[in-house]
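Here is the structure we will look at, set down as structure tokens.
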Amino acid sequence: MRVIVNSTPLIALALVEKLNLLHQLFDEVIVPQAVYDEVVTYGLGRAGTNTVAQATWITVMTTTAQTTLEPLLLGLDPGEMEVLLLAQELAPDWVIIDERLGRRVAKALRMPTKGTLGILLAAVITGLIDKQEALAATTEMIAGGIRISPRWQNWLKDELEKLEEEPVI
């Protein structure tokens, strides 16, 4: 599976030492150049920067597509815009993006989306981490300054509880 990842999921997963989940879950992890620059170049010294920079399995790509709209008119930052443009070019299996507006635009363009918490849930489902690790990672992300709304925190808890309720065949 191929995914295109925005900055917040990279930073959040690196912050809690779970960035490698992307590599374990997906065959190809693509990061637009603007996102890579935002995290690694401009984010120098911040949490996750070195982890992302050292992830040799991340493919950094530049989009050839151009938008006819100014990204700021849509309210998107350059990284989010490149994620969406690159996704239009490459048709990935998932666009990994957390920001509300970016997700809305991606969904309007009929792009399949997941967020950071969706990655944690997928990792639990596939047995890469357990439920407690997912919940602890979420708590650690919040403590590290990653904003996760109570709605999404509750969503993850509910989804993890559903996993426990399903019978094993």
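Naming works like this for the structure tokens: A, B, ... for the chains as they're shown, residue 1 at the start of each chain, ligands 1 onward in shown order.
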Could the residues of region 110-142 of chain A that have an atom at most 6 Å from region 84-98 of chain A be listed as a Markdown table, each with its closest atom pair and the distance in Å to one decimal, counting only C-alpha atoms and ordered by chain and ascending residue number?
```
| residue | atom | partner | partner_atom | distance |
| --- | --- | --- | --- | --- |
| A:Pro112 | CA | A:Trp94 | CA | 5.1 |
| A:Thr113 | CA | A:Val95 | CA | 4.7 |
| A:Lys114 | CA | A:Ile96 | CA | 4.9 |
| A:Gly115 | CA | A:Asp98 | CA | 4.9 |
```
* Asked: Tell me, which residues of chain A carry DSSP strand (DSSP E or B), written as a PyMOL selection string?
  -> chain A and resi 2-5+28-32+58-61+94-96+113-114
Using N, CA and C atoms, can you export the residues from the last selection as a PDB file, in the first residue's frame?
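See result_34.pdb below for the written result:
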```pdb
ATOM      1  N   ARG A   2       0.392   2.248  -0.690  1.00  0.00           N
ATOM      2  CA  ARG A   2       1.099   3.517  -0.815  1.00  0.00           C
ATOM      3  C   ARG A   2       0.328   4.606  -0.074  1.00  0.00           C
ATOM      4  N   VAL A   3       1.057   5.415   0.726  1.00  0.00           N
ATOM      5  CA  VAL A   3       0.440   6.528   1.445  1.00  0.00           C
ATOM      6  C   VAL A   3       1.239   7.802   1.229  1.00  0.00           C
ATOM      7  N   ILE A   4       0.529   8.912   1.329  1.00  0.00           N
ATOM      8  CA  ILE A   4       1.169  10.230   1.317  1.00  0.00           C
ATOM      9  C   ILE A   4       0.869  10.851   2.672  1.00  0.00           C
ATOM     10  N   VAL A   5       1.914  11.345   3.341  1.00  0.00           N
ATOM     11  CA  VAL A   5       1.788  11.764   4.739  1.00  0.00           C
ATOM     12  C   VAL A   5       2.079  13.257   4.895  1.00  0.00           C
ATOM     13  N   GLU A  28       4.903   1.792   0.764  1.00  0.00           N
ATOM     14  CA  GLU A  28       5.547   3.013   0.281  1.00  0.00           C
ATOM     15  C   GLU A  28       4.997   4.212   1.047  1.00  0.00           C
ATOM     16  N   VAL A  29       5.892   4.940   1.699  1.00  0.00           N
ATOM     17  CA  VAL A  29       5.525   6.122   2.471  1.00  0.00           C
ATOM     18  C   VAL A  29       6.137   7.330   1.760  1.00  0.00           C
ATOM     19  N   ILE A  30       5.254   8.186   1.243  1.00  0.00           N
ATOM     20  CA  ILE A  30       5.684   9.344   0.461  1.00  0.00           C
ATOM     21  C   ILE A  30       5.391  10.619   1.242  1.00  0.00           C
ATOM     22  N   VAL A  31       6.367  11.506   1.244  1.00  0.00           N
ATOM     23  CA  VAL A  31       6.227  12.800   1.901  1.00  0.00           C
ATOM     24  C   VAL A  31       6.561  13.868   0.858  1.00  0.00           C
ATOM     25  N   PRO A  32       5.647  14.816   0.636  1.00  0.00           N
ATOM     26  CA  PRO A  32       5.952  15.899  -0.295  1.00  0.00           C
ATOM     27  C   PRO A  32       7.136  16.730   0.199  1.00  0.00           C
ATOM     28  N   ILE A  58      11.395   6.675   3.969  1.00  0.00           N
ATOM     29  CA  ILE A  58      10.495   7.729   3.496  1.00  0.00           C
ATOM     30  C   ILE A  58      10.984   8.206   2.134  1.00  0.00           C
ATOM     31  N   THR A  59      10.066   8.272   1.174  1.00  0.00           N
ATOM     32  CA  THR A  59      10.370   8.805  -0.156  1.00  0.00           C
ATOM     33  C   THR A  59       9.882  10.241  -0.207  1.00  0.00           C
ATOM     34  N   VAL A  60      10.793  11.165  -0.455  1.00  0.00           N
ATOM     35  CA  VAL A  60      10.439  12.573  -0.572  1.00  0.00           C
ATOM     36  C   VAL A  60      10.218  12.870  -2.050  1.00  0.00           C
ATOM     37  N   MET A  61       9.059  13.433  -2.377  1.00  0.00           N
ATOM     38  CA  MET A  61       8.724  13.712  -3.774  1.00  0.00           C
ATOM     39  C   MET A  61       8.254  15.151  -3.938  1.00  0.00           C
ATOM     40  N   TRP A  94      -3.995   5.791   0.742  1.00  0.00           N
ATOM     41  CA  TRP A  94      -4.424   6.670   1.830  1.00  0.00           C
ATOM     42  C   TRP A  94      -3.662   7.980   1.791  1.00  0.00           C
ATOM     43  N   VAL A  95      -4.340   9.034   2.222  1.00  0.00           N
ATOM     44  CA  VAL A  95      -3.721  10.321   2.507  1.00  0.00           C
ATOM     45  C   VAL A  95      -3.762  10.440   4.030  1.00  0.00           C
ATOM     46  N   ILE A  96      -2.584  10.527   4.642  1.00  0.00           N
ATOM     47  CA  ILE A  96      -2.499  10.601   6.103  1.00  0.00           C
ATOM     48  C   ILE A  96      -2.380  12.077   6.486  1.00  0.00           C
ATOM     49  N   THR A 113      -8.801   9.012   3.439  1.00  0.00           N
ATOM     50  CA  THR A 113      -7.964   9.653   4.453  1.00  0.00           C
ATOM     51  C   THR A 113      -7.897   8.824   5.725  1.00  0.00           C
ATOM     52  N   LYS A 114      -6.797   8.992   6.406  1.00  0.00           N
ATOM     53  CA  LYS A 114      -6.590   8.476   7.752  1.00  0.00           C
ATOM     54  C   LYS A 114      -5.835   9.569   8.496  1.00  0.00           C
TER      55      LYS A 114
END
```
* Best match for closeness to Ala134 (chain A) among A:Gln153, A:Asn50, A:Asn20, A:Thr64, counting only C-alpha atoms ->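 Smallest separation from Ala134 (chain A) among the options: A:Gln153.
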* **Distance query Ile11 (chain A) at most 12 Å, only C-alpha atoms, self and fewer than 6 positions along chain excluded, as a list in words** => Val5, Glu17, Lys18, Leu19, Asn20, Val35, Tyr36, Glu38, Val39, Val40, Gly43, Leu44, Arg46, Ala47, Gly48, Thr49, Asn50, Thr51, Val52, Ala53, Ile97, Asp98, Thr116, Met141, Ile142, Gly144, Gly145, Ile146 and Arg147 of chain A
Keeping only N, CA and C atoms, take the residues you just selected and write them out as an mmCIF file, in the first residue's frame.
```cif
data_model
loop_
_atom_site.group_PDB
_atom_site.id
_atom_site.type_symbol
_atom_site.label_atom_id
_atom_site.label_comp_id
_atom_site.auth_asym_id
_atom_site.auth_seq_id
_atom_site.Cartn_x
_atom_site.Cartn_y
_atom_site.Cartn_z
ATOM 1 N N VAL A 5 1.914 11.345 3.341
ATOM 2 C CA VAL A 5 1.788 11.764 4.739
ATOM 3 C C VAL A 5 2.079 13.257 4.895
ATOM 4 N N GLU A 17 7.908 7.984 19.414
ATOM 5 C CA GLU A 17 8.759 6.886 18.928
ATOM 6 C C GLU A 17 7.949 5.782 18.248
ATOM 7 N N LYS A 18 6.964 6.198 17.446
ATOM 8 C CA LYS A 18 6.121 5.258 16.709
ATOM 9 C C LYS A 18 6.138 5.548 15.203
ATOM 10 N N LEU A 19 7.078 6.362 14.744
ATOM 11 C CA LEU A 19 7.136 6.692 13.315
ATOM 12 C C LEU A 19 7.290 5.438 12.461
ATOM 13 N N ASN A 20 8.011 4.468 12.969
ATOM 14 C CA ASN A 20 8.263 3.245 12.212
ATOM 15 C C ASN A 20 6.978 2.463 11.895
ATOM 16 N N VAL A 35 6.432 19.286 2.872
ATOM 17 C CA VAL A 35 6.204 18.707 4.197
ATOM 18 C C VAL A 35 7.543 18.326 4.821
ATOM 19 N N TYR A 36 8.403 17.698 4.037
ATOM 20 C CA TYR A 36 9.722 17.322 4.538
ATOM 21 C C TYR A 36 10.488 18.562 5.011
ATOM 22 N N GLU A 38 9.219 21.413 5.969
ATOM 23 C CA GLU A 38 8.553 21.940 7.155
ATOM 24 C C GLU A 38 8.997 21.193 8.413
ATOM 25 N N VAL A 39 9.088 19.876 8.311
ATOM 26 C CA VAL A 39 9.425 19.061 9.478
ATOM 27 C C VAL A 39 10.922 19.054 9.751
ATOM 28 N N VAL A 40 11.720 18.817 8.728
ATOM 29 C CA VAL A 40 13.157 18.590 8.922
ATOM 30 C C VAL A 40 13.980 19.873 8.834
ATOM 31 N N GLY A 43 11.910 22.828 10.941
ATOM 32 C CA GLY A 43 11.627 22.339 12.281
ATOM 33 C C GLY A 43 12.869 21.896 13.035
ATOM 34 N N LEU A 44 14.031 22.250 12.516
ATOM 35 C CA LEU A 44 15.297 21.829 13.112
ATOM 36 C C LEU A 44 15.310 22.079 14.620
ATOM 37 N N ARG A 46 13.306 20.669 16.752
ATOM 38 C CA ARG A 46 12.015 20.333 17.353
ATOM 39 C C ARG A 46 11.840 18.820 17.434
ATOM 40 N N ALA A 47 10.866 18.415 18.220
ATOM 41 C CA ALA A 47 10.580 16.987 18.392
ATOM 42 C C ALA A 47 10.293 16.328 17.050
ATOM 43 N N GLY A 48 10.913 15.189 16.828
ATOM 44 C CA GLY A 48 10.651 14.404 15.631
ATOM 45 C C GLY A 48 11.529 14.699 14.439
ATOM 46 N N THR A 49 12.190 15.844 14.453
ATOM 47 C CA THR A 49 12.985 16.253 13.295
ATOM 48 C C THR A 49 14.029 15.210 12.923
ATOM 49 N N ASN A 50 14.846 14.810 13.872
ATOM 50 C CA ASN A 50 15.916 13.850 13.574
ATOM 51 C C ASN A 50 15.362 12.493 13.178
ATOM 52 N N THR A 51 14.302 12.069 13.834
ATOM 53 C CA THR A 51 13.706 10.770 13.523
ATOM 54 C C THR A 51 13.220 10.732 12.084
ATOM 55 N N VAL A 52 12.539 11.783 11.656
ATOM 56 C CA VAL A 52 12.040 11.858 10.276
ATOM 57 C C VAL A 52 13.217 11.944 9.310
ATOM 58 N N ALA A 53 14.212 12.752 9.625
ATOM 59 C CA ALA A 53 15.376 12.909 8.744
ATOM 60 C C ALA A 53 16.122 11.594 8.556
ATOM 61 N N ILE A 97 -3.466 12.621 7.004
ATOM 62 C CA ILE A 97 -3.526 14.050 7.306
ATOM 63 C C ILE A 97 -4.450 14.256 8.501
ATOM 64 N N ASP A 98 -4.041 15.099 9.428
ATOM 65 C CA ASP A 98 -4.814 15.327 10.650
ATOM 66 C C ASP A 98 -5.625 16.617 10.618
ATOM 67 N N THR A 116 -3.525 10.338 12.374
ATOM 68 C CA THR A 116 -2.559 9.714 13.272
ATOM 69 C C THR A 116 -3.214 8.651 14.142
ATOM 70 N N MET A 141 1.388 12.146 23.060
ATOM 71 C CA MET A 141 1.295 13.147 21.996
ATOM 72 C C MET A 141 0.700 14.442 22.533
ATOM 73 N N ILE A 142 -0.368 14.314 23.278
ATOM 74 C CA ILE A 142 -1.028 15.495 23.843
ATOM 75 C C ILE A 142 -0.077 16.220 24.794
ATOM 76 N N GLY A 144 3.021 16.258 24.625
ATOM 77 C CA GLY A 144 4.081 16.842 23.805
ATOM 78 C C GLY A 144 3.630 18.009 22.947
ATOM 79 N N GLY A 145 2.364 18.406 23.076
ATOM 80 C CA GLY A 145 1.881 19.586 22.360
ATOM 81 C C GLY A 145 1.070 19.303 21.105
ATOM 82 N N ILE A 146 0.810 18.047 20.816
ATOM 83 C CA ILE A 146 -0.024 17.708 19.666
ATOM 84 C C ILE A 146 -1.484 17.872 20.088
ATOM 85 N N ARG A 147 -2.236 18.639 19.317
ATOM 86 C CA ARG A 147 -3.647 18.854 19.652
ATOM 87 C C ARG A 147 -4.490 17.717 19.078
#
```
* To do: Excluding region 121-133 of chain A and residues on its chain fewer than 6 positions from it, collect all residues at most 12 Å away from it, counting only C-alpha atoms, and give them as JSON, numbers by chain.
  => {"A": [13, 16, 17, 18, 19, 20, 21, 22, 23, 24, 25, 26, 114, 115, 139, 140, 141, 152, 153, 155, 156, 157, 158, 159, 160, 161, 162, 163, 164, 166]}
